[in-house]
$ cat data_24.cif   # mmCIF, C-alpha atoms and all ligand atoms; chains and numbers go by the auth columns
data_protein
loop_
_atom_site.group_PDB
_atom_site.id
_atom_site.type_symbol
_atom_site.label_atom_id
_atom_site.label_comp_id
_atom_site.label_asym_id
_atom_site.label_seq_id
_atom_site.Cartn_x
_atom_site.Cartn_y
_atom_site.Cartn_z
_atom_site.B_iso_or_equiv
_atom_site.auth_seq_id
_atom_site.auth_asym_id
ATOM 1 C CA MET A 1 -8.371 10.161 3.206 0.00 21 A
ATOM 2 C CA ILE A 2 -7.795 8.252 6.470 0.00 22 A
ATOM 3 C CA ARG A 3 -4.886 10.529 7.242 0.00 23 A
ATOM 4 C CA ALA A 4 -6.943 13.644 6.587 0.00 24 A
ATOM 5 C CA GLN A 5 -9.974 12.435 8.557 0.00 25 A
ATOM 6 C CA PHE A 6 -8.249 10.954 11.587 0.00 26 A
ATOM 7 C CA GLY A 7 -4.828 12.649 11.560 0.00 27 A
ATOM 8 C CA ILE A 8 -3.190 9.213 11.578 0.00 28 A
ATOM 9 C CA GLU A 9 0.201 8.784 9.937 0.00 29 A
ATOM 10 C CA THR A 10 0.512 6.418 6.992 0.00 30 A
ATOM 11 C CA ILE A 11 3.374 4.065 6.282 0.00 31 A
ATOM 12 C CA SER A 12 3.709 2.500 2.846 0.00 32 A
ATOM 13 C CA PRO A 13 6.876 0.483 2.184 0.00 33 A
ATOM 14 C CA GLY A 14 6.165 0.780 -1.566 0.00 34 A
ATOM 15 C CA SER A 15 6.246 4.564 -1.495 0.00 35 A
ATOM 16 C CA MET A 16 9.250 4.530 0.880 0.00 36 A
ATOM 17 C CA LEU A 17 11.121 2.376 -1.634 0.00 37 A
ATOM 18 C CA ARG A 18 10.175 4.684 -4.520 0.00 38 A
ATOM 19 C CA HIS A 19 11.493 7.591 -2.454 0.00 39 A
ATOM 20 C CA GLU A 20 14.750 5.700 -1.770 0.00 40 A
ATOM 21 C CA LYS A 21 15.118 5.018 -5.506 0.00 41 A
ATOM 22 C CA ARG A 22 14.621 8.706 -6.394 0.00 42 A
ATOM 23 C CA SER A 23 17.166 9.775 -3.767 0.00 43 A
ATOM 24 C CA GLY A 24 19.727 7.415 -5.308 0.00 44 A
ATOM 25 C CA SER A 25 20.381 5.346 -2.163 0.00 45 A
ATOM 26 C CA ALA A 26 21.865 1.836 -2.193 0.00 46 A
ATOM 27 C CA LEU A 27 18.668 0.522 -0.607 0.00 47 A
ATOM 28 C CA GLY A 28 16.614 2.103 -3.383 0.00 48 A
ATOM 29 C CA ALA A 29 18.806 0.525 -6.041 0.00 49 A
ATOM 30 C CA GLU A 30 18.669 -2.897 -4.377 0.00 50 A
ATOM 31 C CA ALA A 31 14.891 -2.830 -4.010 0.00 51 A
ATOM 32 C CA HIS A 32 14.375 -1.574 -7.560 0.00 52 A
ATOM 33 C CA GLY A 33 15.580 -4.914 -8.900 0.00 53 A
ATOM 34 C CA TYR A 34 12.451 -6.453 -7.365 0.00 54 A
ATOM 35 C CA THR A 35 9.871 -3.655 -7.537 0.00 55 A
ATOM 36 C CA SER A 36 10.343 -2.756 -11.218 0.00 56 A
ATOM 37 C CA GLY A 37 9.305 -6.247 -12.330 0.00 57 A
ATOM 38 C CA GLY A 38 6.482 -6.568 -9.802 0.00 58 A
ATOM 39 C CA GLY A 39 8.178 -9.095 -7.496 0.00 59 A
ATOM 40 C CA LEU A 40 8.005 -8.756 -3.728 0.00 60 A
ATOM 41 C CA VAL A 41 11.090 -7.379 -1.977 0.00 61 A
ATOM 42 C CA PRO A 42 12.633 -9.913 0.478 0.00 62 A
ATOM 43 C CA ASP A 43 10.978 -9.953 3.896 0.00 63 A
ATOM 44 C CA ALA A 44 14.155 -9.069 5.821 0.00 64 A
ATOM 45 C CA LEU A 45 14.602 -5.809 3.926 0.00 65 A
ATOM 46 C CA ILE A 46 10.960 -4.752 4.292 0.00 66 A
ATOM 47 C CA ILE A 47 10.789 -5.702 7.982 0.00 67 A
ATOM 48 C CA ALA A 48 13.952 -3.672 8.705 0.00 68 A
ATOM 49 C CA LEU A 49 12.402 -0.678 6.932 0.00 69 A
ATOM 50 C CA VAL A 50 9.192 -0.967 8.939 0.00 70 A
ATOM 51 C CA ARG A 51 11.048 -1.510 12.230 0.00 71 A
ATOM 52 C CA LYS A 52 13.060 1.675 11.694 0.00 72 A
ATOM 53 C CA TRP A 53 9.899 3.628 10.862 0.00 73 A
ATOM 54 C CA LEU A 54 8.059 2.319 13.941 0.00 74 A
ATOM 55 C CA ASN A 55 10.983 3.250 16.182 0.00 75 A
ATOM 56 C CA GLU A 56 10.765 6.822 14.943 0.00 76 A
ATOM 57 C CA HIS A 57 6.989 7.274 15.102 0.00 77 A
ATOM 58 C CA GLY A 58 4.088 7.290 17.563 0.00 78 A
ATOM 59 C CA ASP A 59 1.319 4.852 18.346 0.00 79 A
ATOM 60 C CA ALA A 60 -1.317 5.494 15.676 0.00 80 A
ATOM 61 C CA PHE A 61 -0.720 4.593 12.059 0.00 81 A
ATOM 62 C CA VAL A 62 -2.098 2.983 8.943 0.00 82 A
ATOM 63 C CA PHE A 63 -0.011 0.486 7.015 0.00 83 A
ATOM 64 C CA ASP A 64 -0.557 0.591 3.271 0.00 84 A
ATOM 65 C CA GLY A 65 0.772 -2.507 1.511 0.00 85 A
ATOM 66 C CA TYR A 66 2.196 -4.135 4.641 0.00 86 A
ATOM 67 C CA PRO A 67 2.214 -6.947 5.630 0.00 87 A
ATOM 68 C CA ARG A 68 2.235 -8.776 2.312 0.00 88 A
ATOM 69 C CA THR A 69 3.473 -12.156 3.596 0.00 89 A
ATOM 70 C CA ILE A 70 2.858 -14.306 6.666 0.00 90 A
ATOM 71 C CA PRO A 71 6.458 -13.779 7.975 0.00 91 A
ATOM 72 C CA GLN A 72 5.877 -10.009 7.695 0.00 92 A
ATOM 73 C CA ALA A 73 2.643 -10.351 9.692 0.00 93 A
ATOM 74 C CA GLU A 74 4.437 -12.378 12.361 0.00 94 A
ATOM 75 C CA ALA A 75 7.222 -9.780 12.538 0.00 95 A
ATOM 76 C CA LEU A 76 4.613 -7.035 12.851 0.00 96 A
ATOM 77 C CA GLU A 77 3.030 -8.768 15.834 0.00 97 A
ATOM 78 C CA VAL A 78 6.428 -8.842 17.557 0.00 98 A
ATOM 79 C CA MET A 79 7.255 -5.222 16.689 0.00 99 A
ATOM 80 C CA LEU A 80 3.882 -3.995 17.957 0.00 100 A
ATOM 81 C CA ALA A 81 4.187 -6.041 21.145 0.00 101 A
ATOM 82 C CA GLU A 82 7.537 -4.334 21.767 0.00 102 A
ATOM 83 C CA LYS A 83 5.669 -1.008 21.643 0.00 103 A
ATOM 84 C CA GLY A 84 2.834 -2.383 23.806 0.00 104 A
ATOM 85 C CA LEU A 85 0.393 -2.115 20.897 0.00 105 A
ATOM 86 C CA LEU A 86 -2.182 -4.336 19.206 0.00 106 A
ATOM 87 C CA LEU A 87 -3.696 -4.060 15.744 0.00 107 A
ATOM 88 C CA ASP A 88 -7.221 -2.600 15.743 0.00 108 A
ATOM 89 C CA VAL A 89 -8.393 -3.712 12.326 0.00 109 A
ATOM 90 C CA VAL A 90 -7.168 -5.124 9.006 0.00 110 A
ATOM 91 C CA PHE A 91 -8.897 -4.123 5.768 0.00 111 A
ATOM 92 C CA LEU A 92 -8.939 -6.393 2.740 0.00 112 A
ATOM 93 C CA LEU A 93 -9.822 -4.351 -0.341 0.00 113 A
ATOM 94 C CA GLU A 94 -11.565 -6.688 -2.768 0.00 114 A
ATOM 95 C CA ILE A 95 -11.775 -6.022 -6.492 0.00 115 A
ATOM 96 C CA GLY A 96 -11.725 -8.034 -9.739 0.00 116 A
ATOM 97 C CA THR A 97 -8.665 -8.474 -11.934 0.00 117 A
ATOM 98 C CA GLU A 98 -10.127 -6.586 -14.897 0.00 118 A
ATOM 99 C CA GLN A 99 -10.797 -3.511 -12.785 0.00 119 A
ATOM 100 C CA ILE A 100 -7.315 -3.702 -11.289 0.00 120 A
ATOM 101 C CA LYS A 101 -5.849 -3.739 -14.812 0.00 121 A
ATOM 102 C CA GLU A 102 -7.921 -0.785 -15.866 0.00 122 A
ATOM 103 C CA ARG A 103 -6.933 1.257 -12.802 0.00 123 A
ATOM 104 C CA VAL A 104 -3.254 0.388 -13.081 0.00 124 A
ATOM 105 C CA LEU A 105 -3.150 1.522 -16.709 0.00 125 A
ATOM 106 C CA ARG A 106 -4.779 4.857 -15.811 0.00 126 A
ATOM 107 C CA ARG A 107 -2.689 5.539 -12.688 0.00 127 A
ATOM 108 C CA MET A 108 -0.198 8.393 -12.575 0.00 128 A
ATOM 109 C CA ILE A 109 1.792 9.816 -9.674 0.00 129 A
ATOM 110 C CA CYS A 110 2.659 13.464 -9.197 0.00 130 A
ATOM 111 C CA GLN A 111 6.404 14.012 -8.972 0.00 131 A
ATOM 112 C CA GLY A 112 5.727 17.142 -6.920 0.00 132 A
ATOM 113 C CA CYS A 113 3.242 16.225 -4.177 0.00 133 A
ATOM 114 C CA GLY A 114 2.939 12.440 -4.565 0.00 134 A
ATOM 115 C CA ALA A 115 -0.792 12.557 -5.356 0.00 135 A
ATOM 116 C CA ILE A 116 -2.187 9.522 -7.161 0.00 136 A
ATOM 117 C CA VAL A 117 -4.141 10.691 -10.192 0.00 137 A
ATOM 118 C CA SER A 118 -6.384 8.603 -12.445 0.00 138 A
ATOM 119 C CA ILE A 119 -6.385 9.581 -16.107 0.00 139 A
ATOM 120 C CA GLY A 120 -9.976 10.046 -17.273 0.00 140 A
ATOM 121 C CA GLY A 121 -11.023 11.497 -13.925 0.00 141 A
ATOM 122 C CA ARG A 122 -10.072 15.050 -13.040 0.00 142 A
ATOM 123 C CA VAL A 123 -7.412 15.081 -15.778 0.00 143 A
ATOM 124 C CA GLN A 124 -7.825 13.700 -19.290 0.00 144 A
ATOM 125 C CA ASN A 125 -4.129 13.142 -20.023 0.00 145 A
ATOM 126 C CA ALA A 126 -0.793 13.278 -18.207 0.00 146 A
ATOM 127 C CA GLU A 127 0.223 16.509 -19.967 0.00 147 A
ATOM 128 C CA GLN A 128 -2.438 18.420 -18.026 0.00 148 A
ATOM 129 C CA GLY A 129 -0.328 18.010 -14.875 0.00 149 A
ATOM 130 C CA CYS A 130 -1.327 17.367 -11.273 0.00 150 A
ATOM 131 C CA PRO A 131 -4.772 18.779 -10.402 0.00 151 A
ATOM 132 C CA ARG A 132 -3.562 19.445 -6.843 0.00 152 A
ATOM 133 C CA CYS A 133 -0.214 21.204 -7.349 0.00 153 A
ATOM 134 C CA GLY A 134 0.378 21.444 -11.122 0.00 154 A
ATOM 135 C CA GLY A 135 3.377 19.070 -10.838 0.00 155 A
ATOM 136 C CA ILE A 136 4.533 16.627 -13.492 0.00 156 A
ATOM 137 C CA LEU A 137 2.572 13.381 -13.691 0.00 157 A
ATOM 138 C CA GLU A 138 4.481 10.169 -14.305 0.00 158 A
ATOM 139 C CA ARG A 139 3.637 6.494 -14.580 0.00 159 A
ATOM 140 C CA ARG A 140 5.015 4.066 -12.006 0.00 160 A
ATOM 141 C CA ARG A 141 7.662 1.750 -13.464 0.00 161 A
ATOM 142 C CA ASP A 142 5.649 -1.252 -12.314 0.00 162 A
ATOM 143 C CA ASP A 143 2.332 -0.058 -13.754 0.00 163 A
ATOM 144 C CA THR A 144 2.614 -2.252 -16.845 0.00 164 A
ATOM 145 C CA LEU A 145 0.569 -5.341 -17.683 0.00 165 A
ATOM 146 C CA GLU A 146 3.703 -7.483 -17.461 0.00 166 A
ATOM 147 C CA ALA A 147 4.658 -6.306 -13.960 0.00 167 A
ATOM 148 C CA LEU A 148 1.002 -6.508 -12.917 0.00 168 A
ATOM 149 C CA ALA A 149 0.881 -10.195 -13.882 0.00 169 A
ATOM 150 C CA THR A 150 3.864 -10.821 -11.594 0.00 170 A
ATOM 151 C CA ARG A 151 2.298 -8.741 -8.814 0.00 171 A
ATOM 152 C CA MET A 152 -0.920 -10.768 -9.070 0.00 172 A
ATOM 153 C CA ALA A 153 0.997 -14.062 -8.967 0.00 173 A
ATOM 154 C CA GLU A 154 2.961 -12.850 -5.926 0.00 174 A
ATOM 155 C CA TYR A 155 -0.306 -11.776 -4.310 0.00 175 A
ATOM 156 C CA ARG A 156 -1.960 -15.147 -4.839 0.00 176 A
ATOM 157 C CA ALA A 157 1.051 -17.103 -3.582 0.00 177 A
ATOM 158 C CA LYS A 158 2.211 -14.949 -0.654 0.00 178 A
ATOM 159 C CA SER A 159 -0.371 -12.310 0.303 0.00 179 A
ATOM 160 C CA ALA A 160 -3.745 -14.055 -0.111 0.00 180 A
ATOM 161 C CA PRO A 161 -3.074 -16.372 2.903 0.00 181 A
ATOM 162 C CA LEU A 162 -3.095 -13.254 5.110 0.00 182 A
ATOM 163 C CA ALA A 163 -6.895 -13.127 4.837 0.00 183 A
ATOM 164 C CA ALA A 164 -7.247 -16.374 6.780 0.00 184 A
ATOM 165 C CA TYR A 165 -4.440 -15.322 9.151 0.00 185 A
ATOM 166 C CA TYR A 166 -6.262 -12.128 10.181 0.00 186 A
ATOM 167 C CA SER A 167 -9.730 -13.630 9.937 0.00 187 A
ATOM 168 C CA SER A 168 -8.752 -16.230 12.537 0.00 188 A
ATOM 169 C CA ARG A 169 -7.699 -13.340 14.797 0.00 189 A
ATOM 170 C CA ASN A 170 -11.070 -11.603 14.270 0.00 190 A
ATOM 171 C CA LEU A 171 -9.361 -8.563 12.754 0.00 191 A
ATOM 172 C CA LEU A 172 -10.383 -8.845 9.093 0.00 192 A
ATOM 173 C CA GLN A 173 -12.866 -6.459 7.474 0.00 193 A
ATOM 174 C CA LYS A 174 -13.599 -6.942 3.785 0.00 194 A
ATOM 175 C CA ILE A 175 -14.178 -3.785 1.790 0.00 195 A
ATOM 176 C CA ASN A 176 -15.757 -3.585 -1.669 0.00 196 A
ATOM 177 C CA ALA A 177 -13.046 -1.692 -3.536 0.00 197 A
ATOM 178 C CA ALA A 178 -14.861 -1.809 -6.886 0.00 198 A
ATOM 179 C CA GLN A 179 -16.499 1.513 -6.096 0.00 199 A
ATOM 180 C CA THR A 180 -15.493 5.159 -6.263 0.00 200 A
ATOM 181 C CA ALA A 181 -12.726 6.273 -3.905 0.00 201 A
ATOM 182 C CA SER A 182 -15.204 8.180 -1.746 0.00 202 A
ATOM 183 C CA ALA A 183 -17.542 5.154 -1.466 0.00 203 A
ATOM 184 C CA VAL A 184 -14.596 2.931 -0.503 0.00 204 A
ATOM 185 C CA PHE A 185 -13.549 5.465 2.091 0.00 205 A
ATOM 186 C CA ALA A 186 -17.113 5.667 3.471 0.00 206 A
ATOM 187 C CA GLU A 187 -17.025 1.911 4.176 0.00 207 A
ATOM 188 C CA ILE A 188 -13.600 2.149 5.816 0.00 208 A
ATOM 189 C CA ASP A 189 -14.631 5.228 7.778 0.00 209 A
ATOM 190 C CA ALA A 190 -17.711 3.436 9.162 0.00 210 A
ATOM 191 C CA HIS A 191 -15.516 0.589 10.435 0.00 211 A
ATOM 192 C CA LEU A 192 -12.966 2.953 11.944 0.00 212 A
ATOM 193 C CA GLN A 193 -15.681 4.967 13.715 0.00 213 A
ATOM 194 C CA ALA A 194 -16.962 1.705 15.210 0.00 214 A
ATOM 195 C CA THR A 195 -13.497 0.443 16.231 0.00 215 A
HETATM 196 P P1 LIG B . 3.019 -0.671 -3.588 0.00 301 A
HETATM 197 O O1 LIG B . 3.404 0.772 -3.722 0.00 301 A
HETATM 198 O O2 LIG B . 2.441 -0.989 -2.241 0.00 301 A
HETATM 199 O O3 LIG B . 2.155 -1.142 -4.724 0.00 301 A
HETATM 200 O O4 LIG B . 4.385 -1.510 -3.696 0.00 301 A
HETATM 201 C C1 LIG B . 5.209 -1.430 -4.835 0.00 301 A
HETATM 202 C C2 LIG B . 6.240 -2.542 -4.818 0.00 301 A
HETATM 203 O O5 LIG B . 7.101 -2.384 -3.684 0.00 301 A
HETATM 204 C C3 LIG B . 5.679 -3.958 -4.688 0.00 301 A
HETATM 205 O O6 LIG B . 5.284 -4.517 -5.926 0.00 301 A
HETATM 206 C C4 LIG B . 6.884 -4.687 -4.114 0.00 301 A
HETATM 207 O O7 LIG B . 7.874 -4.900 -5.094 0.00 301 A
HETATM 208 C C5 LIG B . 7.439 -3.645 -3.130 0.00 301 A
HETATM 209 N N1 LIG B . 6.767 -3.772 -1.818 0.00 301 A
HETATM 210 C C6 LIG B . 5.946 -2.869 -1.230 0.00 301 A
HETATM 211 N N2 LIG B . 5.512 -3.306 -0.033 0.00 301 A
HETATM 212 C C7 LIG B . 6.059 -4.543 0.132 0.00 301 A
HETATM 213 C C8 LIG B . 5.971 -5.535 1.145 0.00 301 A
HETATM 214 N N3 LIG B . 5.222 -5.363 2.248 0.00 301 A
HETATM 215 N N4 LIG B . 6.686 -6.690 0.963 0.00 301 A
HETATM 216 C C9 LIG B . 7.451 -6.901 -0.132 0.00 301 A
HETATM 217 N N5 LIG B . 7.572 -6.010 -1.134 0.00 301 A
HETATM 218 C C10 LIG B . 6.876 -4.834 -1.017 0.00 301 A
#

$ encode --input "data_24.cif" --output "C-alpha cells" --more "lines below"
Ligand code: AMP
Amino acid sequence: MIRAQFGIETISPGSMLRHEKRSGSALGAEAHGYTSGGGLVPDALIIALVRKWLNEHGDAFVFDGYPRTIPQAEALEVMLAEKGLLLDVVFLLEIGTEQIKERVLRRMICQGCGAIVSIGGRVQNAEQGCPRCGGILERRRDDTLEALATRMAEYRAKSAPLAAYYSSRNLLQKINAAQTASAVFAEIDAHLQAT
C-alpha cells in the first residue's frame, strides 16, 4: 500500500531470501536452514544483502523486516550515511500474540504475483487461487506454530530492543496493527503525510 500510494520501493530481506531459495542459489539454501525454523539469519549475511540492494537503488525506500537486531540498525546507519541519507521514520506495528497466531495460520502467498492472501477474507480456501492473478496459493514454510514460537522468542531477545533504540532517536511511531489492513495503512499514511 505504501508502494502504491507513494511510489516508494520496498525492500524485504525475508522475501529476497524466499526468492533466492526458489531460484536455487547457494545463498537461498544457506539462509533456508535458519528461515524454515523461524530463527534469524546471521547479521553479516543480511547486512550484505541490504548493502547490495542499497547500492543498486535510489534514495527513497521502505524496509520491511529490517533491521531486526541492534547490529543491523547500526550497520544501517553507516550504510545510509554513506549515501548521505537519514531515516525519516520507524514504524513499530503492535499486535497481541493470539492475533499473530491467527493471522499466520491463515496466511498464504501467491506463487505467481507474490500477493499475501488471508484465508477467510477474499478467498475461503487455498484452492480458490489468488484473487489478484489466479495464481497458486501456498503456505510459507515458516508459517507453523512451531516456527512462530521460535520467531517470537527471537523477536523478544533480539528485535524488541530496537524500540528503545529508535525511540531514543525520536524516530519511533507505534501503530495499532490489530486492525484491518486499510485501517493500519491509514495510520501509517497519516504519519508519512506529516513527515
Ligand atoms: P519475513 O518475511 O520478514 O517474515 O522474514 C522471514 C524470515 O527471514 C525470518 O524469520 C528470518 O529467518 C529471515 N529474516 C528476514 N529478515 C531478517 C533480518 N532482518 N534479520 C535476520 N533474519 C531475517

$ closest_atom_pairs --input "data_24.cif" --of "chain A" --to "ligand LIG 301 (chain A)" --cutoff "7 Å" --atoms "all atoms listed in the file" --output "tab-separated table"
residue	atom	partner	partner_atom	distance
A:Ser32	CA	A:LIG301	O2	6.3
A:Pro33	CA	A:LIG301	N2	4.6
A:Gly34	CA	A:LIG301	O1	3.5
A:Ser35	CA	A:LIG301	O1	5.2
A:Leu37	CA	A:LIG301	O5	6.6
A:Tyr54	CA	A:LIG301	O7	5.3
A:Thr55	CA	A:LIG301	O7	3.4
A:Ser56	CA	A:LIG301	O7	6.9
A:Gly58	CA	A:LIG301	O6	4.5
A:Gly59	CA	A:LIG301	O7	4.8
A:Leu60	CA	A:LIG301	N5	3.8
A:Val61	CA	A:LIG301	N5	3.9
A:Pro62	CA	A:LIG301	C9	6.0
A:Asp63	CA	A:LIG301	N4	6.1
A:Ile66	CA	A:LIG301	N4	5.8
A:Asp84	CA	A:LIG301	O2	6.5
A:Gly85	CA	A:LIG301	O2	4.4
A:Tyr86	CA	A:LIG301	N3	4.0
A:Pro87	CA	A:LIG301	N3	4.8
A:Arg88	CA	A:LIG301	N3	4.5
A:Thr89	CA	A:LIG301	N4	6.9
A:Arg171	CA	A:LIG301	O6	5.9

$ residues_near_point --input "data_24.cif" --point "(11.8, 2.9, 1.2)" --cutoff "10 Å" --atoms "only C-alpha atoms" --output "JSON, numbers by chain"
{"A": [31, 32, 33, 34, 35, 36, 37, 38, 39, 40, 41, 42, 45, 47, 48, 51, 65, 66, 69, 70, 73]}

$ atom_distance --input "data_24.cif" --atom1 "CA of Asp163 in chain A" --atom2 "CA of Arg126 in chain A"
8.9 Å

$ closest_residue --input "data_24.cif" --among "A:Leu182, A:Ala198, A:Ala177, A:Cys150" --to "Glu118 in chain A" --atoms "all atoms listed in the file"
A:Ala198

$ atom_distance --input "data_24.cif" --atom1 "CA of Gly141 in chain A" --atom2 "CA of Ala180 in chain A"
29.9 Å

$ closest_residue --input "data_24.cif" --among "A:Ile120, A:Leu100, A:Leu125, A:Leu113" --to "Glu207 in chain A" --atoms "all atoms listed in the file"
A:Leu113

$ atom_distance --input "data_24.cif" --atom1 "CA of Gly116 in chain A" --atom2 "CA of Ser187 in chain A"
20.6 Å

$ closest_residue --input "data_24.cif" --among "A:Ser138, A:Ser179, A:Thr215, A:Gln119" --to "Gln193 in chain A" --atoms "only C-alpha atoms"
A:Thr215

$ resolve_selection --input "data_24.cif" --expression "the PyMOL selection byres (((chain A and resi 155) around 12) and not hetatm)" --output "MDAnalysis selection string"
chainID A and resid 128:137 146:154 156:158

$ resolve_selection --input "data_24.cif" --expression "the PyMOL selection byres (((chain A and resi 195) around 8) and not hetatm)" --output "VMD selection string"
chain A and resid 111 to 114 193 to 194 196 to 197 204 207 to 208
